[in-house]
$ cat work-v6.txt   # compact mmCIF, C-alpha atoms
# COMPACT_ATOMS: atom_id res chain seq x y z
CA MET A 297 0.00 0.00 0.00
CA LYS A 298 1.21 3.52 -0.78
CA LEU A 299 0.84 5.89 2.18
CA CYS A 300 1.84 9.56 2.04
CA GLY A 301 4.42 8.83 -0.64
CA PHE A 302 6.04 5.76 0.92
CA ASP A 303 5.27 2.05 0.70
CA VAL A 304 3.91 0.31 3.79
CA GLY A 305 3.35 -3.34 4.54
CA LEU A 306 4.79 -6.30 6.38
CA GLU A 307 7.70 -6.48 3.96
CA ARG A 308 8.55 -2.78 4.37
CA PRO A 309 10.36 -0.95 7.23
CA LEU A 310 8.34 0.21 10.22
CA PHE A 311 6.60 3.58 9.92
CA LEU A 312 5.57 5.85 12.79
CA ILE A 313 2.41 7.82 13.53
CA ALA A 314 3.12 10.09 16.50
CA GLY A 315 2.35 13.41 18.16
CA PRO A 316 0.45 14.94 21.09
CA CYS A 317 -2.98 13.50 21.83
CA VAL A 318 -4.74 16.79 21.22
CA VAL A 319 -3.92 20.15 19.66
CA GLU A 320 -3.02 22.20 22.74
CA SER A 321 -1.37 25.15 20.99
CA ARG A 322 0.33 26.09 17.74
CA GLU A 323 3.69 26.26 19.52
CA LEU A 324 3.44 22.75 20.98
CA GLN A 325 2.45 21.17 17.67
CA ILE A 326 5.31 22.85 15.80
CA GLU A 327 7.81 21.89 18.52
CA VAL A 328 6.80 18.23 18.68
CA ALA A 329 6.45 17.79 14.93
CA GLY A 330 9.86 19.33 14.33
CA ARG A 331 11.57 17.16 16.91
CA LEU A 332 9.90 13.99 15.65
CA LYS A 333 10.86 14.81 12.07
CA GLU A 334 14.47 15.21 13.20
CA ILE A 335 14.48 11.90 15.10
CA THR A 336 12.76 9.87 12.40
CA GLY A 337 14.97 11.43 9.74
CA LYS A 338 18.09 10.20 11.55
CA LEU A 339 16.63 6.70 11.86
CA LYS A 340 15.12 6.66 8.34
CA VAL A 341 11.65 5.94 9.73
CA PRO A 342 8.73 7.15 7.59
CA PHE A 343 6.74 9.55 9.78
CA ILE A 344 3.19 10.91 9.97
CA PHE A 345 2.37 13.59 12.56
CA LYS A 346 -0.75 12.96 14.64
CA SER A 347 -2.84 15.29 16.77
CA SER A 348 -6.59 15.69 17.32
CA TYR A 349 -8.50 18.97 17.00
CA ASP A 350 -11.25 17.44 19.16
CA LYS A 351 -11.41 14.53 21.61
CA ALA A 352 -15.11 13.84 21.54
CA ASN A 353 -14.94 10.75 23.74
CA ARG A 354 -13.59 12.25 26.96
CA SER A 355 -14.56 10.68 30.29
CA SER A 356 -16.04 13.96 31.55
CA ASP A 357 -17.49 16.99 29.82
CA LYS A 358 -15.16 19.05 32.03
CA SER A 359 -12.09 17.56 30.32
CA PHE A 360 -10.14 19.51 27.70
CA ARG A 361 -11.27 18.51 24.20
CA GLY A 362 -9.08 20.77 22.09
CA PRO A 363 -9.80 23.81 19.92
CA ASP A 364 -12.73 23.83 17.58
CA MET A 365 -12.38 22.15 14.19
CA ASP A 366 -11.57 25.33 12.26
CA GLU A 367 -8.78 26.41 14.60
CA GLY A 368 -7.43 22.89 14.96
CA LEU A 369 -7.27 22.32 11.22
CA LYS A 370 -5.60 25.69 10.76
CA ILE A 371 -2.82 24.64 13.17
CA LEU A 372 -2.46 21.21 11.57
CA ALA A 373 -2.19 22.81 8.14
CA GLU A 374 0.57 25.05 9.47
CA VAL A 375 2.45 22.03 10.86
CA LYS A 376 2.19 20.36 7.47
CA LYS A 377 3.46 23.44 5.63
CA GLN A 378 6.14 24.62 8.06
CA ILE A 379 7.59 21.27 9.17
CA GLY A 380 6.96 19.45 5.91
CA VAL A 381 5.39 16.27 7.27
CA PRO A 382 2.12 14.48 6.46
CA VAL A 383 -0.61 14.91 9.07
CA LEU A 384 -3.24 12.58 10.56
CA THR A 385 -6.21 13.49 12.73
CA ASP A 386 -9.43 11.93 14.04
CA VAL A 387 -12.87 12.53 12.61
CA HIS A 388 -15.92 11.92 14.77
CA THR A 389 -18.97 12.53 12.58
CA GLU A 390 -19.90 12.16 8.93
CA ALA A 391 -20.22 15.95 8.65
CA GLU A 392 -16.59 16.42 9.66
CA VAL A 393 -15.14 14.11 7.03
CA LYS A 394 -15.06 16.36 3.95
CA PRO A 395 -13.62 19.51 5.56
CA VAL A 396 -11.02 17.48 7.44
CA ALA A 397 -10.03 15.45 4.37
CA ALA A 398 -9.43 18.73 2.53
CA VAL A 399 -6.62 19.57 4.99
CA VAL A 400 -4.98 16.39 6.34
CA ASP A 401 -3.24 13.47 4.63
CA VAL A 402 -4.73 10.60 6.65
CA LEU A 403 -8.07 10.27 8.44
CA GLN A 404 -8.44 8.23 11.62
CA THR A 405 -11.66 6.74 12.95
CA PRO A 406 -12.01 6.41 16.74
CA ALA A 407 -12.21 2.89 18.14
CA PHE A 408 -15.70 3.45 19.57
CA LEU A 409 -17.06 4.15 16.08
CA CYS A 410 -15.66 1.20 14.14
CA ARG A 411 -19.10 -0.45 13.91
CA GLN A 412 -20.88 2.67 12.61
CA THR A 413 -21.47 1.70 8.99
CA ASP A 414 -22.43 5.10 7.54
CA PHE A 415 -19.52 6.75 9.33
CA ILE A 416 -16.99 4.19 8.06
CA HIS A 417 -18.40 4.55 4.54
CA ALA A 418 -18.04 8.34 4.70
CA ALA A 419 -14.46 8.25 6.02
CA ALA A 420 -13.29 5.61 3.54
CA SER A 421 -14.81 7.34 0.52
CA ALA A 422 -13.23 10.76 1.23
CA GLY A 423 -10.25 10.05 -1.03
CA LYS A 424 -7.67 9.82 1.78
CA PRO A 425 -6.09 6.82 3.54
CA VAL A 426 -7.97 5.83 6.69
CA ASN A 427 -6.53 4.37 9.89
CA ILE A 428 -9.42 2.38 11.40
CA LYS A 429 -8.93 1.67 15.10
CA LYS A 430 -10.31 -1.65 16.29
CA GLY A 431 -12.93 -1.21 19.00
CA GLN A 432 -12.02 -2.22 22.55
CA PHE A 433 -15.03 -4.55 22.33
CA LEU A 434 -14.18 -6.18 18.99
CA SER A 435 -12.27 -9.36 18.22
CA PRO A 436 -9.50 -9.10 15.61
CA GLN A 437 -11.43 -11.49 13.35
CA GLU A 438 -14.34 -9.04 13.21
CA MET A 439 -12.16 -6.33 11.70
CA LYS A 440 -12.54 -8.03 8.33
CA ASN A 441 -16.20 -6.93 8.30
CA VAL A 442 -15.18 -3.36 9.05
CA VAL A 443 -12.58 -3.40 6.29
CA ASP A 444 -15.07 -4.86 3.83
CA LYS A 445 -17.41 -1.93 4.54
CA ALA A 446 -14.60 0.55 4.00
CA ARG A 447 -13.38 -1.01 0.77
CA GLU A 448 -16.91 -1.23 -0.59
CA ALA A 449 -17.27 2.50 -0.06
CA SER A 450 -13.84 3.57 -1.30
CA GLY A 451 -13.17 1.10 -4.08
CA ALA A 452 -9.49 1.59 -3.22
CA ASP A 453 -6.65 0.08 -1.25
CA ASN A 454 -6.60 2.86 1.35
CA VAL A 455 -7.22 1.21 4.73
CA LEU A 456 -4.96 0.64 7.76
CA VAL A 457 -6.16 -1.41 10.74
CA CYS A 458 -5.02 -0.46 14.22
CA GLU A 459 -4.95 -2.47 17.46
CA ARG A 460 -5.34 -0.43 20.67
CA GLY A 461 -6.14 -3.06 23.30
CA PHE A 462 -9.24 -4.99 24.32
CA SER A 463 -11.46 -4.27 27.34
CA PHE A 464 -10.38 -6.53 30.20
CA GLY A 465 -12.80 -6.11 33.06
CA TYR A 466 -13.55 -2.63 34.34
CA GLY A 467 -11.07 0.17 33.63
CA ASN A 468 -8.38 -1.98 32.05
CA LEU A 469 -7.17 -3.07 28.62
CA VAL A 470 -5.12 -6.03 27.47
CA SER A 471 -3.13 -6.36 24.24
CA ASP A 472 -3.23 -9.82 22.68
CA MET A 473 -0.31 -9.98 20.27
CA ARG A 474 -2.08 -12.74 18.34
CA SER A 475 -4.52 -10.10 17.13
CA LEU A 476 -1.74 -8.43 15.12
CA ALA A 477 -1.23 -11.64 13.14
CA ILE A 478 -4.97 -12.29 12.84
CA MET A 479 -5.62 -8.82 11.43
CA ARG A 480 -3.16 -9.49 8.61
CA ASN A 481 -6.03 -11.52 7.14
CA THR A 482 -7.74 -8.22 6.28
CA ASN A 483 -4.92 -7.68 3.75
CA CYS A 484 -4.39 -4.25 5.26
CA PRO A 485 -1.23 -2.89 6.87
CA VAL A 486 -1.46 -3.49 10.62
CA VAL A 487 -0.64 -0.71 13.07
CA PHE A 488 -0.17 -1.09 16.83
CA ASP A 489 -1.17 1.75 19.15
CA ALA A 490 1.34 1.38 21.98
CA THR A 491 0.06 4.30 24.04
CA HIS A 492 -3.72 3.82 24.16
CA SER A 493 -3.04 0.15 24.88
CA VAL A 494 -1.72 1.13 28.33
CA GLN A 495 -4.69 3.41 29.04
CA LEU A 496 -6.87 2.73 32.08
CA PRO A 497 -10.27 3.92 30.77
CA GLY A 498 -12.04 6.02 33.41
CA GLY A 499 -9.28 5.07 35.83
CA LYS A 500 -9.32 8.46 37.53
CA GLY A 501 -13.08 8.70 37.84
CA THR A 502 -13.59 11.76 35.64
CA ALA A 503 -10.55 11.02 33.46
CA SER A 504 -8.64 8.04 32.11
CA GLY A 505 -5.46 6.89 33.76
CA GLY A 506 -2.56 5.06 32.20
CA GLU A 507 0.65 3.13 32.82
CA ARG A 508 3.19 4.65 30.48
CA GLN A 509 6.01 2.51 31.92
CA PHE A 510 4.60 -0.39 29.91
CA ILE A 511 4.65 1.43 26.56
CA PRO A 512 8.14 0.13 25.64
CA VAL A 513 7.18 -3.38 26.74
CA LEU A 514 4.16 -3.52 24.43
CA ALA A 515 5.89 -1.66 21.60
CA ARG A 516 8.79 -4.13 21.58
CA ALA A 517 6.41 -7.08 21.69
CA ALA A 518 4.30 -5.70 18.82
CA VAL A 519 7.29 -4.97 16.60
CA ALA A 520 8.69 -8.42 17.31
CA SER A 521 5.30 -9.87 16.33
CA GLY A 522 5.54 -8.22 12.93
CA ILE A 523 3.64 -5.01 12.17
CA SER A 524 3.66 -2.38 9.46
CA GLY A 525 3.39 0.70 11.64
CA LEU A 526 3.47 1.97 15.20
CA PHE A 527 1.21 4.63 16.73
CA MET A 528 2.46 6.55 19.79
CA GLU A 529 1.22 9.68 21.48
CA THR A 530 4.05 11.77 22.86
CA HIS A 531 4.46 15.02 24.77
CA PRO A 532 7.44 17.06 26.05
CA ASN A 533 5.94 16.95 29.55
CA PRO A 534 3.28 14.22 29.87
CA GLU A 535 2.48 15.25 33.44
CA LYS A 536 1.19 18.57 32.09
CA ALA A 537 -0.49 17.24 28.94
CA LEU A 538 -4.10 18.40 28.61
CA SER A 539 -5.27 14.99 27.35
CA ASP A 540 -4.08 11.41 27.90
CA GLY A 541 -0.93 12.44 29.74
CA PRO A 542 -0.74 9.21 31.80
CA ASN A 543 -0.38 7.14 28.63
CA ALA A 544 1.83 9.52 26.61
CA TRP A 545 5.50 8.70 26.04
CA PRO A 546 7.98 11.48 26.95
CA LEU A 547 9.28 13.18 23.81
CA GLY A 548 12.80 13.30 25.27
CA MET A 549 12.87 9.48 25.42
CA MET A 550 11.48 8.88 21.94
CA GLN A 551 14.75 8.50 20.03
CA GLU A 552 16.14 5.91 22.45
CA LEU A 553 13.00 3.78 22.17
CA LEU A 554 12.77 4.10 18.40
CA GLU A 555 16.38 3.02 17.97
CA THR A 556 15.55 -0.27 19.67
CA LEU A 557 12.32 -0.73 17.73
CA VAL A 558 13.96 -0.07 14.36
CA GLU A 559 16.62 -2.67 15.11
CA LEU A 560 13.98 -5.19 16.19
CA ASP A 561 11.86 -4.49 13.11
CA ARG A 562 14.82 -4.98 10.76
CA SER A 563 15.79 -8.27 12.40
CA VAL A 564 12.28 -9.73 12.48
CA LYS A 565 11.44 -8.82 8.89
CA LYS A 566 14.79 -10.08 7.63
CA GLY A 567 14.04 -13.52 9.04
CA GLY A 568 10.48 -13.69 7.74
CA PHE A 569 7.39 -14.99 9.52
CA ALA A 570 7.16 -18.74 10.05
CA GLU A 571 3.54 -18.51 11.20
CA MET A 572 2.51 -17.45 7.71
CA ARG A 573 3.64 -20.82 6.38
CA ILE A 574 1.37 -22.75 8.77
CA LYS A 575 -2.20 -23.51 7.66
CA SER A 576 -4.74 -22.98 10.43
$ encode --input "work-v6.txt" --output "structure tokens"
Amino acid sequence: MKLCGFDVGLERPLFLIAGPCVVESRELQIEVAGRLKEITGKLKVPFIFKSSYDKANRSSDKSFRGPDMDEGLKILAEVKKQIGVPVLTDVHTEAEVKPVAAVVDVLQTPAFLCRQTDFIHAAASAGKPVNIKKGQFLSPQEMKNVVDKAREASGADNVLVCERGFSFGYGNLVSDMRSLAIMRNTNCPVVFDATHSVQLPGGKGTASGGERQFIPVLARAAVASGISGLFMETHPNPEKALSDGPNAWPLGMMQELLETLVELDRSVKKGGFAEMRIKS
């Protein structure tokens, strides 16, 4: 699959989708995008900047959601122009799809909405690649139905599928690395969201908690399992992030982690995947 000018797939090097959870300010977006471009450039990792103009699924209506769509898209467009990187953001309603697709390079559908047929149709048919997050309530096998809906609407090979953990009791998620192999059956590039996978939904009562110390653990495991891309939210100071700080990886530690992941990815893909030669 061609994505933002580079080839992605299990036989290609790992690509990265990363940035702050939400658009907090123009200055923060420019700072983080610039630093990530520098890091990924050194490591030769294809990079897409991610940030959301709105977080419509916050635990509380008192939580920071971001600027409005117009202001958020204006800032994302500036990041794209000034830093020279492709940009990804979430869409939450069918009405948002067209104006957002006119600005960004990749659309992302929130995990909660992966079963909404009309919404998936609208996002997939907008003429941009779509990163579809698997719902916390959905088995990896069921993602084939979601992908079929998207492809029917788009008539194109423009879909990524993203694992972000499965609900495991109340306020917890678990990442089953088998799901990454199972979702290859969609014939889409598979992405692993290493930061939302350590989220503790509603863990703080009116906000979600998280265990960022396990981000490297899950990221290493996912890359060793064999994936096309990695999704990570990052912030210069996660403790002060306005959204999802507990499960954001510190920007200052990003290069060190990526160096390990790039080496793992190269080694795993060089050796091939024995499981793909076994008939189930």
$ closest_residue --input "work-v6.txt" --among "A:Ala314, A:Met297, A:Asn441, A:Met473" --to "A:Pro546" --atoms "all atoms listed in the file"
A:Ala314
$ residues_around --input "work-v6.txt" --residues "A:Leu560" --least-positions-apart "3" --cutoff "9 Å" --atoms "all atoms listed in the file" --output "list in words"
Arg516, Val519, Ala520, Glu555, Thr556, Leu557, Ser563, Val564 and Lys565 of chain A
$ closest_residue --input "work-v6.txt" --among "A:Ser421, A:Asn543, A:Gln495, A:Asn483" --to "A:Arg508" --atoms "all atoms listed in the file"
A:Asn543
$ residues_around --input "work-v6.txt" --residues "stretch 361-368 of chain A" --least-positions-apart "5" --cutoff "6 Å" --atoms "all atoms listed in the file" --output "list in words"
Val318, Val319, Tyr349, Asp350 and Lys351 of chain A
$ closest_residue --input "work-v6.txt" --among "A:Ala517, A:Val328, A:Val442, A:Val375" --to "A:Ala407" --atoms "all atoms listed in the file"
A:Val442
$ residues_around --input "work-v6.txt" --residues "A:Leu384" --least-positions-apart "2" --cutoff "12 Å" --atoms "only C-alpha atoms" --output "ChimeraX atom specification"
/A:299-300,312-319,329,343-349,368-369,372-373,375-376,381-382,386-387,396-405,424-428,527
$ write_last_selection --input "work-v6.txt" --atoms "C-alpha atoms" --output "compact mmCIF listing (two decimals), in the coordinates of the input"
# COMPACT_ATOMS: atom_id res chain seq x y z
CA LEU A 299 0.84 5.89 2.18
CA CYS A 300 1.84 9.56 2.04
CA LEU A 312 5.57 5.85 12.79
CA ILE A 313 2.41 7.82 13.53
CA ALA A 314 3.12 10.09 16.50
CA GLY A 315 2.35 13.41 18.16
CA PRO A 316 0.45 14.94 21.09
CA CYS A 317 -2.98 13.50 21.83
CA VAL A 318 -4.74 16.79 21.22
CA VAL A 319 -3.92 20.15 19.66
CA ALA A 329 6.45 17.79 14.93
CA PHE A 343 6.74 9.55 9.78
CA ILE A 344 3.19 10.91 9.97
CA PHE A 345 2.37 13.59 12.56
CA LYS A 346 -0.75 12.96 14.64
CA SER A 347 -2.84 15.29 16.77
CA SER A 348 -6.59 15.69 17.32
CA TYR A 349 -8.50 18.97 17.00
CA GLY A 368 -7.43 22.89 14.96
CA LEU A 369 -7.27 22.32 11.22
CA LEU A 372 -2.46 21.21 11.57
CA ALA A 373 -2.19 22.81 8.14
CA VAL A 375 2.45 22.03 10.86
CA LYS A 376 2.19 20.36 7.47
CA VAL A 381 5.39 16.27 7.27
CA PRO A 382 2.12 14.48 6.46
CA ASP A 386 -9.43 11.93 14.04
CA VAL A 387 -12.87 12.53 12.61
CA VAL A 396 -11.02 17.48 7.44
CA ALA A 397 -10.03 15.45 4.37
CA ALA A 398 -9.43 18.73 2.53
CA VAL A 399 -6.62 19.57 4.99
CA VAL A 400 -4.98 16.39 6.34
CA ASP A 401 -3.24 13.47 4.63
CA VAL A 402 -4.73 10.60 6.65
CA LEU A 403 -8.07 10.27 8.44
CA GLN A 404 -8.44 8.23 11.62
CA THR A 405 -11.66 6.74 12.95
CA LYS A 424 -7.67 9.82 1.78
CA PRO A 425 -6.09 6.82 3.54
CA VAL A 426 -7.97 5.83 6.69
CA ASN A 427 -6.53 4.37 9.89
CA ILE A 428 -9.42 2.38 11.40
CA PHE A 527 1.21 4.63 16.73
$ closest_residue --input "work-v6.txt" --among "A:Gln551, A:Asn533, A:Asn481, A:Ala420" --to "A:Met572" --atoms "all atoms listed in the file"
A:Asn481
$ residues_around --input "work-v6.txt" --residues "stretch 457-465 of chain A" --least-positions-apart "2" --cutoff "8 Å" --atoms "only C-alpha atoms" --output "number ranges by chain"
A: 427-434, 439, 455, 467-472, 475-476, 479, 484-494
$ atom_distance --input "work-v6.txt" --atom1 "atom CA of A:Ser435" --atom2 "atom CA of A:Pro497"
18.4 Å
$ atom_distance --input "work-v6.txt" --atom1 "atom CA of A:Ser521" --atom2 "atom CA of A:Asn454"
23.0 Å
$ atom_distance --input "work-v6.txt" --atom1 "atom CA of A:Pro342" --atom2 "atom CA of A:Ala422"
23.1 Å
$ closest_residue --input "work-v6.txt" --among "A:Lys566, A:Pro542, A:Ser524, A:His417" --to "A:Ile511" --atoms "all atoms listed in the file"
A:Pro542
$ closest_residue --input "work-v6.txt" --among "A:Leu553, A:Ala477, A:Ile326, A:Ala452" --to "A:Pro436" --atoms "all atoms listed in the file"
A:Ala477
$ residues_around --input "work-v6.txt" --residues "A:Ala544" --least-positions-apart "2" --cutoff "6 Å" --atoms "only C-alpha atoms" --output "PyMOL selection string"
chain A and resi 529-530+534+541-542
$ build_atoms --input "work-v6.txt" --residues "stretch 441-454 of chain A" --atoms "N, CA, C and O atoms" --output "PDB file, in the frame of the given file"
ATOM      1  N   ASN A 441     -14.914  -7.522   8.670  1.00  0.00           N
ATOM      2  CA  ASN A 441     -16.200  -6.930   8.300  1.00  0.00           C
ATOM      3  C   ASN A 441     -16.101  -5.417   8.181  1.00  0.00           C
ATOM      4  O   ASN A 441     -16.694  -4.807   7.276  1.00  0.00           O
ATOM      5  N   VAL A 442     -15.362  -4.806   9.086  1.00  0.00           N
ATOM      6  CA  VAL A 442     -15.180  -3.360   9.050  1.00  0.00           C
ATOM      7  C   VAL A 442     -14.431  -2.950   7.787  1.00  0.00           C
ATOM      8  O   VAL A 442     -14.796  -1.997   7.097  1.00  0.00           O
ATOM      9  N   VAL A 443     -13.376  -3.691   7.484  1.00  0.00           N
ATOM     10  CA  VAL A 443     -12.580  -3.400   6.290  1.00  0.00           C
ATOM     11  C   VAL A 443     -13.403  -3.596   5.026  1.00  0.00           C
ATOM     12  O   VAL A 443     -13.314  -2.800   4.071  1.00  0.00           O
ATOM     13  N   ASP A 444     -14.214  -4.633   5.006  1.00  0.00           N
ATOM     14  CA  ASP A 444     -15.070  -4.860   3.830  1.00  0.00           C
ATOM     15  C   ASP A 444     -16.001  -3.678   3.591  1.00  0.00           C
ATOM     16  O   ASP A 444     -16.216  -3.253   2.453  1.00  0.00           O
ATOM     17  N   LYS A 445     -16.560  -3.114   4.675  1.00  0.00           N
ATOM     18  CA  LYS A 445     -17.410  -1.930   4.540  1.00  0.00           C
ATOM     19  C   LYS A 445     -16.624  -0.764   3.945  1.00  0.00           C
ATOM     20  O   LYS A 445     -17.104  -0.044   3.058  1.00  0.00           O
ATOM     21  N   ALA A 446     -15.417  -0.575   4.449  1.00  0.00           N
ATOM     22  CA  ALA A 446     -14.600   0.550   4.000  1.00  0.00           C
ATOM     23  C   ALA A 446     -14.212   0.393   2.532  1.00  0.00           C
ATOM     24  O   ALA A 446     -14.297   1.354   1.747  1.00  0.00           O
ATOM     25  N   ARG A 447     -13.804  -0.789   2.163  1.00  0.00           N
ATOM     26  CA  ARG A 447     -13.380  -1.010   0.770  1.00  0.00           C
ATOM     27  C   ARG A 447     -14.555  -0.912  -0.196  1.00  0.00           C
ATOM     28  O   ARG A 447     -14.405  -0.442  -1.328  1.00  0.00           O
ATOM     29  N   GLU A 448     -15.729  -1.353   0.248  1.00  0.00           N
ATOM     30  CA  GLU A 448     -16.910  -1.230  -0.590  1.00  0.00           C
ATOM     31  C   GLU A 448     -17.207   0.234  -0.893  1.00  0.00           C
ATOM     32  O   GLU A 448     -17.596   0.598  -2.017  1.00  0.00           O
ATOM     33  N   ALA A 449     -16.980   1.076   0.111  1.00  0.00           N
ATOM     34  CA  ALA A 449     -17.270   2.500  -0.060  1.00  0.00           C
ATOM     35  C   ALA A 449     -16.193   3.216  -0.875  1.00  0.00           C
ATOM     36  O   ALA A 449     -16.500   4.105  -1.672  1.00  0.00           O
ATOM     37  N   SER A 450     -14.939   2.840  -0.661  1.00  0.00           N
ATOM     38  CA  SER A 450     -13.840   3.570  -1.300  1.00  0.00           C
ATOM     39  C   SER A 450     -13.470   3.029  -2.660  1.00  0.00           C
ATOM     40  O   SER A 450     -13.012   3.781  -3.530  1.00  0.00           O
ATOM     41  N   GLY A 451     -13.616   1.727  -2.848  1.00  0.00           N
ATOM     42  CA  GLY A 451     -13.170   1.100  -4.080  1.00  0.00           C
ATOM     43  C   GLY A 451     -11.673   1.207  -4.257  1.00  0.00           C
ATOM     44  O   GLY A 451     -11.148   1.111  -5.377  1.00  0.00           O
ATOM     45  N   ALA A 452     -10.941   1.383  -3.150  1.00  0.00           N
ATOM     46  CA  ALA A 452      -9.490   1.590  -3.220  1.00  0.00           C
ATOM     47  C   ALA A 452      -8.787   0.852  -2.094  1.00  0.00           C
ATOM     48  O   ALA A 452      -9.411   0.442  -1.108  1.00  0.00           O
ATOM     49  N   ASP A 453      -7.487   0.704  -2.267  1.00  0.00           N
ATOM     50  CA  ASP A 453      -6.650   0.080  -1.250  1.00  0.00           C
ATOM     51  C   ASP A 453      -6.115   1.193  -0.351  1.00  0.00           C
ATOM     52  O   ASP A 453      -4.984   1.639  -0.490  1.00  0.00           O
ATOM     53  N   ASN A 454      -6.954   1.654   0.577  1.00  0.00           N
ATOM     54  CA  ASN A 454      -6.600   2.860   1.350  1.00  0.00           C
ATOM     55  C   ASN A 454      -6.818   2.699   2.848  1.00  0.00           C
ATOM     56  O   ASN A 454      -6.952   3.687   3.567  1.00  0.00           O
TER      57      ASN A 454
END
